[in-house]
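Below is final-v1.cif, holding mmCIF, C-alpha atoms.
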```cif
data_start
loop_
_atom_site.label_atom_id
_atom_site.label_comp_id
_atom_site.auth_asym_id
_atom_site.auth_seq_id
_atom_site.Cartn_x
_atom_site.Cartn_y
_atom_site.Cartn_z
CA MET A 1 -24.97 117.04 -12.05
CA SER A 2 -23.36 120.24 -13.26
CA ASN A 3 -20.23 120.01 -15.37
CA PRO A 4 -17.05 121.01 -13.47
CA SER A 5 -15.52 122.18 -16.74
CA SER A 6 -17.32 122.96 -19.97
CA SER A 7 -17.29 124.99 -23.13
CA ASN A 8 -19.85 127.79 -23.52
CA SER A 9 -20.59 126.88 -27.14
CA ILE A 10 -22.33 123.50 -26.76
CA PRO A 11 -25.50 123.48 -28.90
CA ASP A 12 -28.83 121.91 -27.96
CA THR A 13 -29.17 120.00 -31.23
CA GLN A 14 -26.84 118.27 -33.69
CA LYS A 15 -26.64 116.38 -36.95
CA ALA A 16 -26.60 112.61 -36.53
CA TRP A 17 -27.21 109.30 -38.29
CA LEU A 18 -29.79 107.54 -36.11
CA ALA A 19 -30.42 103.80 -35.92
CA VAL A 20 -34.21 103.64 -35.84
CA LYS A 21 -35.08 99.97 -36.44
CA ARG A 22 -33.68 96.55 -37.21
CA GLY A 23 -32.26 96.00 -40.70
CA THR A 24 -29.33 96.83 -42.93
CA PRO A 25 -27.80 100.32 -42.69
CA ALA A 26 -29.63 101.34 -45.87
CA GLN A 27 -32.92 100.19 -44.33
CA ALA A 28 -32.51 101.12 -40.70
CA ILE A 29 -30.61 104.39 -40.27
CA ARG A 30 -31.72 107.93 -41.11
CA PHE A 31 -30.06 111.33 -41.15
CA GLU A 32 -31.40 113.75 -38.54
CA GLU A 33 -30.67 117.48 -38.71
CA ASN A 34 -31.85 118.30 -35.18
CA ALA A 35 -31.06 115.37 -32.91
CA PRO A 36 -30.70 116.35 -29.24
CA VAL A 37 -27.28 116.85 -27.64
CA SER A 38 -27.05 115.05 -24.29
CA ALA A 39 -24.79 117.48 -22.42
CA LYS A 40 -25.70 116.73 -18.79
CA LEU A 41 -22.84 114.62 -17.52
CA LYS A 42 -22.65 112.05 -14.76
CA LYS A 43 -19.53 111.72 -12.64
CA GLY A 44 -16.78 110.05 -14.69
CA GLU A 45 -18.17 111.16 -18.07
CA VAL A 46 -16.98 113.64 -20.67
CA LEU A 47 -18.72 115.28 -23.61
CA VAL A 48 -16.75 114.96 -26.84
CA LYS A 49 -17.17 117.02 -29.99
CA ILE A 50 -16.68 114.24 -32.53
CA GLN A 51 -14.33 114.90 -35.40
CA ALA A 52 -14.22 111.42 -36.95
CA ALA A 53 -15.88 108.04 -36.45
CA ALA A 54 -14.61 104.61 -37.49
CA LEU A 55 -17.07 101.92 -38.56
CA ASN A 56 -17.00 98.34 -37.28
CA PRO A 57 -18.80 95.14 -38.32
CA VAL A 58 -20.53 95.10 -34.93
CA ASP A 59 -22.45 98.21 -36.09
CA TYR A 60 -24.38 96.43 -38.82
CA LYS A 61 -24.47 93.06 -37.04
CA VAL A 62 -26.28 94.47 -33.99
CA LEU A 63 -28.42 96.64 -36.27
CA GLY A 64 -29.53 93.59 -38.23
CA MET A 65 -29.99 91.31 -35.25
CA LEU A 66 -31.60 93.12 -32.31
CA PRO A 67 -35.17 94.46 -32.37
CA ASN A 68 -35.86 97.94 -30.98
CA PHE A 69 -37.25 96.78 -27.64
CA ILE A 70 -33.91 95.11 -26.85
CA ALA A 71 -31.58 97.61 -28.55
CA ASN A 72 -33.41 100.62 -27.03
CA ARG A 73 -33.26 102.62 -30.26
CA PRO A 74 -33.25 105.29 -31.61
CA TYR A 75 -29.69 106.53 -31.08
CA PRO A 76 -26.72 107.47 -33.27
CA LEU A 77 -25.07 104.42 -34.82
CA GLY A 78 -21.38 103.61 -34.39
CA ASN A 79 -18.95 103.24 -31.51
CA ASP A 80 -15.35 104.35 -32.30
CA ILE A 81 -14.60 108.08 -32.13
CA ALA A 82 -11.90 110.73 -32.17
CA GLY A 83 -12.61 114.27 -31.06
CA VAL A 84 -12.12 117.08 -28.56
CA VAL A 85 -13.42 117.26 -24.98
CA VAL A 86 -15.90 120.14 -24.62
CA ALA A 87 -17.17 119.29 -21.12
CA SER A 88 -15.78 117.09 -18.38
CA ALA A 89 -16.97 115.54 -15.12
CA ASP A 90 -13.74 113.57 -14.71
CA SER A 91 -10.47 114.87 -13.33
CA LYS A 92 -8.33 113.10 -15.96
CA PHE A 93 -9.68 115.21 -18.82
CA THR A 94 -10.19 118.92 -19.33
CA VAL A 95 -11.82 121.01 -22.04
CA GLY A 96 -9.65 121.03 -25.14
CA ASP A 97 -8.10 117.58 -24.68
CA GLU A 98 -7.86 115.69 -27.99
CA VAL A 99 -9.04 112.12 -27.39
CA PHE A 100 -10.07 108.85 -29.01
CA GLY A 101 -12.05 105.92 -27.69
CA THR A 102 -15.16 103.76 -27.88
CA ILE A 103 -18.80 104.03 -26.85
CA TRP A 104 -19.32 100.37 -25.95
CA VAL A 105 -22.41 98.63 -27.33
CA GLN A 106 -23.66 97.63 -23.87
CA GLU A 107 -23.42 101.26 -22.71
CA GLN A 108 -24.86 102.61 -25.94
CA ARG A 109 -28.20 100.97 -25.20
CA LYS A 110 -28.33 102.76 -21.83
CA THR A 111 -26.99 106.19 -22.76
CA LYS A 112 -28.30 106.39 -26.35
CA GLN A 113 -24.98 107.87 -27.48
CA GLY A 114 -23.20 106.97 -30.72
CA ALA A 115 -20.26 107.83 -32.93
CA LEU A 116 -22.12 109.09 -36.01
CA ALA A 117 -23.10 112.36 -34.39
CA GLU A 118 -21.48 115.72 -33.72
CA TYR A 119 -21.39 115.20 -29.93
CA ALA A 120 -21.41 112.23 -27.56
CA ARG A 121 -21.30 111.60 -23.81
CA ILE A 122 -18.77 108.91 -23.03
CA SER A 123 -17.18 107.26 -20.00
CA ALA A 124 -13.72 108.67 -19.29
CA ALA A 125 -12.52 105.09 -18.74
CA SER A 126 -13.25 104.37 -22.41
CA ILE A 127 -11.10 107.11 -23.91
CA ALA A 128 -7.44 108.16 -23.99
CA LYS A 129 -5.59 111.28 -25.03
CA ARG A 130 -4.74 111.22 -28.71
CA PRO A 131 -1.09 110.63 -29.59
CA ALA A 132 0.62 113.84 -30.69
CA ASP A 133 0.30 114.75 -34.37
CA MET A 134 -2.13 111.91 -35.13
CA PRO A 135 -5.05 113.06 -37.33
CA PRO A 136 -8.58 112.34 -36.04
CA THR A 137 -9.32 110.18 -39.10
CA VAL A 138 -6.50 107.85 -38.06
CA ALA A 139 -7.10 107.98 -34.30
CA ALA A 140 -10.80 107.17 -34.66
CA GLY A 141 -10.00 103.60 -35.70
CA ILE A 142 -7.62 102.71 -32.87
CA SER A 143 -9.70 101.81 -29.83
CA LEU A 144 -11.83 98.76 -30.62
CA VAL A 145 -9.32 96.95 -32.84
CA GLY A 146 -6.36 97.95 -30.69
CA LEU A 147 -8.01 96.70 -27.51
CA THR A 148 -9.17 93.49 -29.17
CA ALA A 149 -5.68 92.72 -30.44
CA SER A 150 -3.98 93.66 -27.16
CA ILE A 151 -6.39 91.70 -24.96
CA GLY A 152 -6.29 88.69 -27.28
CA LEU A 153 -2.51 88.48 -27.51
CA PHE A 154 -1.35 89.58 -24.09
CA GLN A 155 -4.17 89.27 -21.56
CA ARG A 156 -5.71 86.04 -22.88
CA GLY A 157 -2.91 84.53 -24.97
CA LYS A 158 -0.14 85.48 -22.51
CA LEU A 159 2.15 86.05 -25.50
CA GLU A 160 5.76 86.67 -24.46
CA PRO A 161 8.79 88.08 -26.30
CA GLY A 162 10.39 85.60 -28.67
CA GLN A 163 7.40 83.26 -28.91
CA SER A 164 5.54 82.18 -32.06
CA VAL A 165 2.00 83.30 -32.88
CA PHE A 166 -0.45 82.36 -35.63
CA ILE A 167 -2.97 85.06 -36.58
CA ASN A 168 -5.92 83.74 -38.55
CA GLY A 169 -7.19 86.72 -40.53
CA GLY A 170 -4.09 88.85 -40.86
CA SER A 171 -5.77 91.38 -43.12
CA THR A 172 -8.70 92.06 -40.78
CA ALA A 173 -8.43 95.32 -38.85
CA VAL A 174 -7.72 93.36 -35.66
CA GLY A 175 -5.22 91.17 -37.49
CA LEU A 176 -3.31 94.18 -38.82
CA ALA A 177 -2.93 95.50 -35.27
CA ALA A 178 -2.04 92.07 -33.87
CA ILE A 179 0.79 91.60 -36.39
CA GLN A 180 2.36 94.87 -35.31
CA PHE A 181 1.91 94.23 -31.57
CA ALA A 182 3.46 90.76 -31.81
CA LYS A 183 6.42 92.00 -33.83
CA ALA A 184 6.88 94.88 -31.38
CA ILE A 185 7.84 92.37 -28.68
CA GLY A 186 9.99 90.25 -30.99
CA CYS A 187 7.69 87.34 -31.83
CA LYS A 188 7.61 85.18 -34.94
CA VAL A 189 4.32 85.84 -36.75
CA THR A 190 2.46 83.59 -39.19
CA VAL A 191 -0.72 84.92 -40.79
CA THR A 192 -3.48 83.97 -43.20
CA GLY A 193 -4.75 86.17 -45.99
CA SER A 194 -5.45 86.26 -49.70
CA THR A 195 -2.55 86.41 -52.15
CA ALA A 196 -3.42 90.02 -52.97
CA LYS A 197 -2.71 90.99 -49.34
CA GLU A 198 0.54 89.03 -48.90
CA ASP A 199 3.00 91.84 -49.63
CA LYS A 200 1.19 94.29 -47.35
CA LEU A 201 1.07 91.81 -44.46
CA LYS A 202 4.75 91.00 -44.81
CA ALA A 203 5.57 94.70 -44.93
CA LEU A 204 3.88 95.04 -41.54
CA GLY A 205 6.10 92.28 -40.16
CA ALA A 206 4.49 88.92 -40.91
CA ASP A 207 7.24 86.27 -41.20
CA GLU A 208 5.17 83.48 -42.76
CA PHE A 209 2.05 83.66 -44.93
CA ILE A 210 -0.71 81.13 -45.69
CA ASP A 211 -3.19 81.74 -48.51
CA TYR A 212 -6.53 80.66 -47.06
CA THR A 213 -8.13 80.59 -50.53
CA LYS A 214 -6.11 77.48 -51.49
CA GLY A 215 -7.77 75.16 -48.98
CA PRO A 216 -8.56 74.75 -45.29
CA VAL A 217 -5.92 76.43 -43.16
CA TYR A 218 -5.72 73.48 -40.75
CA ASP A 219 -4.86 71.14 -43.63
CA THR A 220 -1.98 73.42 -44.63
CA LEU A 221 -0.72 73.57 -41.04
CA ILE A 222 -0.94 69.79 -40.57
CA ALA A 223 0.88 69.16 -43.85
CA ASN A 224 3.58 71.72 -42.98
CA PRO A 225 3.70 71.89 -39.18
CA PRO A 226 5.54 74.92 -37.79
CA THR A 227 8.86 74.51 -35.99
CA PRO A 228 8.53 75.31 -33.17
CA LYS A 229 4.79 74.98 -32.76
CA PHE A 230 2.76 78.12 -32.13
CA ASN A 231 2.47 79.41 -28.56
CA VAL A 232 -0.70 81.34 -29.42
CA ILE A 233 -3.32 81.00 -32.14
CA PHE A 234 -5.38 84.19 -32.44
CA GLU A 235 -8.64 83.79 -34.37
CA THR A 236 -9.64 87.24 -35.67
CA VAL A 237 -11.86 86.30 -38.63
CA GLY A 238 -15.10 85.95 -36.67
CA SER A 239 -16.46 83.07 -38.76
CA ILE A 240 -15.43 80.17 -36.55
CA ASP A 241 -14.33 76.89 -38.10
CA PRO A 242 -14.28 74.44 -35.17
CA LYS A 243 -11.64 72.28 -36.88
CA LEU A 244 -9.00 74.98 -36.48
CA PHE A 245 -9.13 74.34 -32.73
CA ALA A 246 -10.11 70.67 -32.83
CA LEU A 247 -6.99 69.75 -34.85
CA SER A 248 -4.67 72.23 -33.14
CA GLU A 249 -2.52 69.70 -31.27
CA ALA A 250 -0.69 69.26 -34.60
CA TYR A 251 0.47 72.90 -34.63
CA LEU A 252 -0.25 74.49 -31.20
CA ALA A 253 2.43 73.86 -28.56
CA PRO A 254 1.61 72.11 -25.26
CA GLY A 255 0.59 74.86 -22.87
CA GLY A 256 -0.31 77.10 -25.82
CA THR A 257 -3.62 78.92 -26.10
CA PHE A 258 -6.22 79.25 -28.85
CA VAL A 259 -7.79 82.71 -28.48
CA SER A 260 -11.00 83.89 -30.13
CA VAL A 261 -13.29 86.88 -29.84
CA GLY A 262 -16.51 84.96 -29.19
CA PRO A 263 -17.78 82.57 -31.88
CA GLN A 264 -19.58 84.73 -34.45
CA PRO A 265 -20.23 82.53 -37.50
CA GLU A 266 -22.21 84.06 -40.31
CA GLY A 267 -24.54 82.71 -42.94
CA ASN A 268 -26.57 79.51 -42.98
CA GLY A 269 -26.04 77.02 -40.22
CA LYS A 270 -24.51 79.55 -37.85
CA PHE A 271 -26.14 78.00 -34.77
CA GLY A 272 -24.71 74.62 -35.68
CA GLN A 273 -21.26 76.15 -36.16
CA ILE A 274 -21.39 77.70 -32.70
CA VAL A 275 -22.48 74.38 -31.15
CA ASN A 276 -19.71 72.51 -32.96
CA PHE A 277 -17.11 75.04 -31.90
CA LEU A 278 -18.19 74.97 -28.26
CA TRP A 279 -18.25 71.16 -28.35
CA ALA A 280 -14.68 71.15 -29.66
CA VAL A 281 -13.63 73.55 -26.89
CA PHE A 282 -15.34 71.92 -23.93
CA ARG A 283 -15.31 68.23 -24.88
CA PRO A 284 -13.20 66.34 -22.30
CA THR A 285 -10.02 64.65 -23.50
CA TRP A 286 -11.40 61.22 -22.63
CA LEU A 287 -14.09 61.84 -25.27
CA GLY A 288 -11.50 62.84 -27.85
CA GLY A 289 -11.24 66.45 -26.72
CA VAL A 290 -8.28 68.74 -27.40
CA ASN A 291 -5.45 68.89 -24.88
CA ARG A 292 -4.97 72.62 -25.43
CA LYS A 293 -6.36 75.75 -23.79
CA CYS A 294 -9.02 77.91 -25.42
CA SER A 295 -9.92 81.44 -24.37
CA ILE A 296 -13.05 83.11 -25.74
CA PHE A 297 -13.55 86.76 -24.82
CA THR A 298 -15.57 89.89 -25.46
CA VAL A 299 -14.15 93.42 -25.43
CA GLY A 300 -15.06 96.25 -23.08
CA GLU A 301 -13.43 98.95 -20.97
CA HIS A 302 -9.78 98.11 -20.29
CA PRO A 303 -7.88 101.33 -19.53
CA GLU A 304 -4.62 99.46 -18.88
CA GLU A 305 -4.76 97.76 -22.28
CA LEU A 306 -5.68 101.03 -23.97
CA ALA A 307 -2.58 102.56 -22.36
CA ARG A 308 -0.50 99.69 -23.80
CA VAL A 309 -1.87 100.45 -27.29
CA VAL A 310 -1.01 104.14 -26.92
CA LYS A 311 2.52 103.22 -25.83
CA PHE A 312 3.00 101.10 -28.97
CA ILE A 313 1.96 104.12 -31.04
CA GLU A 314 4.24 106.52 -29.17
CA ASP A 315 7.15 104.09 -29.58
CA LYS A 316 6.46 103.93 -33.35
CA LYS A 317 5.67 100.22 -33.08
CA PHE A 318 2.06 100.49 -34.27
CA THR A 319 0.64 102.43 -37.20
CA PRO A 320 -3.16 102.27 -37.47
CA LEU A 321 -4.17 101.62 -41.08
CA VAL A 322 -7.03 103.46 -42.79
CA ASP A 323 -8.76 101.88 -45.77
CA SER A 324 -10.91 104.85 -46.78
CA VAL A 325 -12.32 108.14 -45.48
CA HIS A 326 -15.88 109.25 -46.25
CA ASP A 327 -17.74 112.52 -45.74
CA PHE A 328 -20.53 112.68 -43.17
CA ASP A 329 -23.24 112.68 -45.84
CA GLN A 330 -21.74 109.48 -47.34
CA VAL A 331 -22.30 107.19 -44.33
CA LEU A 332 -24.29 104.64 -46.34
CA ALA A 333 -21.48 104.40 -48.91
CA ALA A 334 -19.02 103.91 -46.05
CA TYR A 335 -21.06 100.98 -44.73
CA ASP A 336 -21.26 99.56 -48.24
CA ARG A 337 -17.45 99.56 -48.31
CA LEU A 338 -17.21 97.93 -44.89
CA MET A 339 -19.73 95.23 -45.79
CA THR A 340 -17.75 94.13 -48.85
CA LYS A 341 -15.25 92.68 -46.30
CA LYS A 342 -12.49 93.77 -48.67
CA ALA A 343 -11.32 96.78 -46.66
CA THR A 344 -7.70 96.68 -45.47
CA GLY A 345 -7.71 98.89 -42.41
CA LYS A 346 -10.48 101.06 -41.01
CA VAL A 347 -13.38 102.62 -42.87
CA VAL A 348 -13.68 106.13 -41.39
CA VAL A 349 -16.29 108.89 -41.56
CA LYS A 350 -15.33 112.57 -41.19
CA VAL A 351 -17.97 114.04 -38.89
CA ASP A 352 -16.22 117.41 -38.89
CA PRO A 353 -15.48 118.30 -42.54
CA THR A 354 -12.55 120.53 -41.58
CA VAL A 355 -10.30 117.83 -40.09
CA ALA A 356 -7.66 115.69 -41.76
#
```
Could the structure of this file be written out as structure tokens, please?
Amino acid sequence: MSNPSSSNSIPDTQKAWLAVKRGTPAQAIRFEENAPVSAKLKKGEVLVKIQAAALNPVDYKVLGMLPNFIANRPYPLGNDIAGVVVASADSKFTVGDEVFGTIWVQEQRKTKQGALAEYARISAASIAKRPADMPPTVAAGISLVGLTASIGLFQRGKLEPGQSVFINGGSTAVGLAAIQFAKAIGCKVTVTGSTAKEDKLKALGADEFIDYTKGPVYDTLIANPPTPKFNVIFETVGSIDPKLFALSEAYLAPGGTFVSVGPQPEGNGKFGQIVNFLWAVFRPTWLGGVNRKCSIFTVGEHPEELARVVKFIEDKKFTPLVDSVHDFDQVLAAYDRLMTKKATGKVVVKVDPTVA
């Protein structure tokens, strides 16, 4: 269909980092000087001139896991973006709107759009107008982590003002957002992290801190049970330890919820870890199961939750954290930084070299 509103300066080709096969980023992506620009919009889509892209672990996990015939490659890698609308087939956005959002993995396989490119077609339901005065390099990292934290705490965990929440993985990008969201509604927040991150996590609002390097977290919680018990446990680490849920009656309140973004264990024995976690979750109480709720979820389009995240930003309750910013020709170095798992905040790539 024709675009109801569009800029006259949209090129036919663009620079992009294309995922071309299965492997690590160094093995499986290549820089393309003349990748096509997909400017023909369907109803409900916009075309965004990308200014910055934020990297996520899902980028390299899907790249290393799915073969081409399933992933439908090639296409630009990456999902989180910030940029400017240059064409719109949706009434909520017009040319010139500054936006941020996510090209979801499930849609990426269909549309062959990605964040590490100069332009991308994207569903209007997956973007929001950028908060005033927020640089693209900061806004690019909001959507995926913000939605994950908001859905986990409020939609799945049903966290309410004044309750107590335990965030396993406080220094993950999702954990950093979750700390701020929980404190914004007046909750008591306990987090895990390494000693080197303790001061930063407490500065964001964490009330209690557990150093996960000193032993299993569940042993620490059993030895020093919280008073009152947690209303929500939010697992943000991704590497599921089934015992954290299986032993949770010692520290999770009756009626409380254990929330996790899908079991994603890494390394050897990952299938066994998933089986053990699911067994702990679904085993009936008469077989020694846990008398607590568990909610496992995946993230996708949630405009109402994205609006909640924007409101936290506008109310100065949430400050997205950026670990590092890399130039567009340094994408492989940016992925190297992300894959160290030592980043505190988002690893961001400047697609447009002129932006902050």
(message) Residues within 9 Å of (-32.9, 107.2, -28.6), file coordinates, counting only C-alpha atoms: what are they? Give the list as a ChimeraX atom specification.
(response) /A:18-20,72-76,109,111-113
Create the file for the chosen residues now, containing C-alpha atoms and written as a PDB file, keeping the file's coordinate frame.
```pdb
ATOM      1  CA  LEU A  18     -29.790 107.540 -36.110  1.00  0.00           C
ATOM      2  CA  ALA A  19     -30.420 103.800 -35.920  1.00  0.00           C
ATOM      3  CA  VAL A  20     -34.210 103.640 -35.840  1.00  0.00           C
ATOM      4  CA  ASN A  72     -33.410 100.620 -27.030  1.00  0.00           C
ATOM      5  CA  ARG A  73     -33.260 102.620 -30.260  1.00  0.00           C
ATOM      6  CA  PRO A  74     -33.250 105.290 -31.610  1.00  0.00           C
ATOM      7  CA  TYR A  75     -29.690 106.530 -31.080  1.00  0.00           C
ATOM      8  CA  PRO A  76     -26.720 107.470 -33.270  1.00  0.00           C
ATOM      9  CA  ARG A 109     -28.200 100.970 -25.200  1.00  0.00           C
ATOM     10  CA  THR A 111     -26.990 106.190 -22.760  1.00  0.00           C
ATOM     11  CA  LYS A 112     -28.300 106.390 -26.350  1.00  0.00           C
ATOM     12  CA  GLN A 113     -24.980 107.870 -27.480  1.00  0.00           C
TER      13      GLN A 113
END
```
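Relative to CA of Ala140 in chain A, CA of Val99 in chain A is found at 9.0 Å.
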(message) Suppose a student applies the PyMOL selection byres ((chain A and resi 212) around 9) to this structure; what residues should they get, written as an NGL selection string?
(response) :A and (169 or 192-195 or 210-211 or 213-217 or 220)
Scan for residues within 8 Å of the point (-15.0, 113.4, -25.0) in the coordinates of the file, using only C-alpha atoms, and reply as a PDB file with C-alpha atoms, keeping the file's coordinate frame.
```
ATOM      1  CA  GLU A  45     -18.170 111.160 -18.070  1.00  0.00           C
ATOM      2  CA  VAL A  46     -16.980 113.640 -20.670  1.00  0.00           C
ATOM      3  CA  LEU A  47     -18.720 115.280 -23.610  1.00  0.00           C
ATOM      4  CA  VAL A  48     -16.750 114.960 -26.840  1.00  0.00           C
ATOM      5  CA  LYS A  49     -17.170 117.020 -29.990  1.00  0.00           C
ATOM      6  CA  ILE A  50     -16.680 114.240 -32.530  1.00  0.00           C
ATOM      7  CA  GLY A  83     -12.610 114.270 -31.060  1.00  0.00           C
ATOM      8  CA  VAL A  84     -12.120 117.080 -28.560  1.00  0.00           C
ATOM      9  CA  VAL A  85     -13.420 117.260 -24.980  1.00  0.00           C
ATOM     10  CA  VAL A  86     -15.900 120.140 -24.620  1.00  0.00           C
ATOM     11  CA  ALA A  87     -17.170 119.290 -21.120  1.00  0.00           C
ATOM     12  CA  SER A  88     -15.780 117.090 -18.380  1.00  0.00           C
ATOM     13  CA  VAL A  99      -9.040 112.120 -27.390  1.00  0.00           C
ATOM     14  CA  PHE A 100     -10.070 108.850 -29.010  1.00  0.00           C
ATOM     15  CA  ALA A 120     -21.410 112.230 -27.560  1.00  0.00           C
ATOM     16  CA  ARG A 121     -21.300 111.600 -23.810  1.00  0.00           C
ATOM     17  CA  ILE A 122     -18.770 108.910 -23.030  1.00  0.00           C
ATOM     18  CA  ALA A 124     -13.720 108.670 -19.290  1.00  0.00           C
ATOM     19  CA  ILE A 127     -11.100 107.110 -23.910  1.00  0.00           C
TER      20      ILE A 127
END
```
Once 8 Å is added on each side, what centre and edge lengths in Å to one decimal does the axis-aligned box around all listed atoms of range 119-136 of chain A have, as lines of an AutoDock Vina configuration file?
```
center_x = -10.4
center_y = 109.8
center_z = -28.0
size_x = 38.0
size_y = 26.8
size_z = 34.6
```
(message) Selection in question (the file shown): the PyMOL selection byres ((chain A and resi 30) around 6). Which residues does it include, as a list of chain:residue names?
(response) A:Trp17, A:Leu18, A:Ile29, A:Phe31
Take the residues just selected and output them with C-alpha atoms as a short mmCIF file (atom, residue, chain, number, x, y, z; two decimals), in the coordinates of the input.
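See part-v9.cif below for the written result:
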```cif
data_model
loop_
_atom_site.label_atom_id
_atom_site.label_comp_id
_atom_site.auth_asym_id
_atom_site.auth_seq_id
_atom_site.Cartn_x
_atom_site.Cartn_y
_atom_site.Cartn_z
CA TRP A 17 -27.21 109.30 -38.29
CA LEU A 18 -29.79 107.54 -36.11
CA ILE A 29 -30.61 104.39 -40.27
CA PHE A 31 -30.06 111.33 -41.15
#
```
(request) Report the distance between CA of Asn231 in chain A and CA of Leu176 in chain A in Å, rounded to one decimal place. (result) 18.9 Å
(request) Go through A:Ser5, A:Gln180, A:Gln163, A:Asn68 one by one, measure the shortest atom-to-atom distance of each to Gly256 in chain A using all atoms listed in the file, and give the residue with the smallest value. (result)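 Checking each of A:Ser5, A:Gln180, A:Gln163, A:Asn68 against Gly256 in chain A, counting all atoms listed in the file, the winner is A:Gln163.
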The PyMOL selection byres ((chain A and resi 51) around 7) resolved against shown file, as a PDB file with C-alpha atoms, in the coordinates of the input:
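Full text of expr_38.pdb as output:
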```
ATOM      1  CA  LYS A  49     -17.170 117.020 -29.990  1.00  0.00           C
ATOM      2  CA  ILE A  50     -16.680 114.240 -32.530  1.00  0.00           C
ATOM      3  CA  ALA A  52     -14.220 111.420 -36.950  1.00  0.00           C
ATOM      4  CA  ALA A  82     -11.900 110.730 -32.170  1.00  0.00           C
ATOM      5  CA  GLY A  83     -12.610 114.270 -31.060  1.00  0.00           C
ATOM      6  CA  PRO A 136      -8.580 112.340 -36.040  1.00  0.00           C
ATOM      7  CA  LYS A 350     -15.330 112.570 -41.190  1.00  0.00           C
ATOM      8  CA  VAL A 351     -17.970 114.040 -38.890  1.00  0.00           C
ATOM      9  CA  ASP A 352     -16.220 117.410 -38.890  1.00  0.00           C
ATOM     10  CA  VAL A 355     -10.300 117.830 -40.090  1.00  0.00           C
TER      11      VAL A 355
END
```
(message) Measuring between all atoms listed in the file, which one of A:Ala356, A:Ala89, A:Val62, A:Val191 shows the shortest distance to Lys42 in chain A?
(response)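 Between A:Ala356, A:Ala89, A:Val62, A:Val191, the residue approaching Lys42 in chain A most closely is A:Ala89.
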(request) Please provide as a VMD selection string all residues within 8 Å of range 343-349 of chain A, with the sequence filter that same-chain residues fewer than 4 positions apart are discarded (counting only C-alpha atoms). (result) chain A and resid 52 to 56 137 140 to 141 171 to 173 176 320 to 328 330 to 331 334 337 to 338
(request) With a distance cut-off of 9 Å and only C-alpha atoms, select the neighbouring residues of Lys129 in chain A, excluding the residue or stretch itself and same-chain residues fewer than 3 positions from it, and output the selection as a ChimeraX atom specification. (result) /A:93,97-101,132,310
(message) Report, in Å to a single decimal, how far apart CA of Phe245 in chain A and CA of Lys158 in chain A are.
(response)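 These atoms are spaced 17.6 Å apart.
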(request) Name the closest residue to Ala16 in chain A among the candidates A:Asn34, A:Gln108, A:Lys43, A:Asp59; distances are taken between atoms, counting only C-alpha atoms. (result)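 Of A:Asn34, A:Gln108, A:Lys43, A:Asp59, the one nearest Ala16 in chain A is A:Asn34, counting only C-alpha atoms.
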(message) Applying 8 Å and only C-alpha atoms, which residues near Ala125 in chain A remain after dropping the ones on its own chain fewer than 3 positions away? List them as a list in words.
(response) Gly44, Ala128, Glu301, His302 and Pro303 of chain A
For range 291-302 of chain A, supply N, CA and C atoms and format the output as an mmCIF file, keeping the file's coordinate frame.
```cif
data_model
loop_
_atom_site.group_PDB
_atom_site.id
_atom_site.type_symbol
_atom_site.label_atom_id
_atom_site.label_comp_id
_atom_site.auth_asym_id
_atom_site.auth_seq_id
_atom_site.Cartn_x
_atom_site.Cartn_y
_atom_site.Cartn_z
ATOM 1 N N ASN A 291 -6.279 68.622 -26.048
ATOM 2 C CA ASN A 291 -5.450 68.890 -24.880
ATOM 3 C C ASN A 291 -4.714 70.222 -25.054
ATOM 4 N N ARG A 292 -5.493 71.269 -25.286
ATOM 5 C CA ARG A 292 -4.970 72.620 -25.430
ATOM 6 C C ARG A 292 -5.967 73.592 -24.816
ATOM 7 N N LYS A 293 -5.485 74.751 -24.395
ATOM 8 C CA LYS A 293 -6.360 75.750 -23.790
ATOM 9 C C LYS A 293 -7.062 76.579 -24.867
ATOM 10 N N CYS A 294 -8.277 77.006 -24.533
ATOM 11 C CA CYS A 294 -9.020 77.910 -25.420
ATOM 12 C C CYS A 294 -9.566 79.057 -24.579
ATOM 13 N N SER A 295 -9.419 80.272 -25.064
ATOM 14 C CA SER A 295 -9.920 81.440 -24.370
ATOM 15 C C SER A 295 -10.817 82.241 -25.309
ATOM 16 N N ILE A 296 -12.083 82.353 -24.950
ATOM 17 C CA ILE A 296 -13.050 83.110 -25.740
ATOM 18 C C ILE A 296 -13.405 84.368 -24.951
ATOM 19 N N PHE A 297 -13.326 85.536 -25.582
ATOM 20 C CA PHE A 297 -13.550 86.760 -24.820
ATOM 21 C C PHE A 297 -14.357 87.783 -25.599
ATOM 22 N N THR A 298 -14.931 88.720 -24.872
ATOM 23 C CA THR A 298 -15.570 89.890 -25.460
ATOM 24 C C THR A 298 -14.800 91.126 -24.983
ATOM 25 N N VAL A 299 -14.947 92.221 -25.695
ATOM 26 C CA VAL A 299 -14.150 93.420 -25.430
ATOM 27 C C VAL A 299 -15.006 94.469 -24.737
ATOM 28 N N GLY A 300 -14.410 95.154 -23.773
ATOM 29 C CA GLY A 300 -15.060 96.250 -23.080
ATOM 30 C C GLY A 300 -14.006 97.204 -22.546
ATOM 31 N N GLU A 301 -14.363 97.985 -21.546
ATOM 32 C CA GLU A 301 -13.430 98.950 -20.970
ATOM 33 C C GLU A 301 -12.214 98.245 -20.368
ATOM 34 N N HIS A 302 -11.040 98.623 -20.839
ATOM 35 C CA HIS A 302 -9.780 98.110 -20.290
ATOM 36 C C HIS A 302 -8.755 99.238 -20.375
#
```
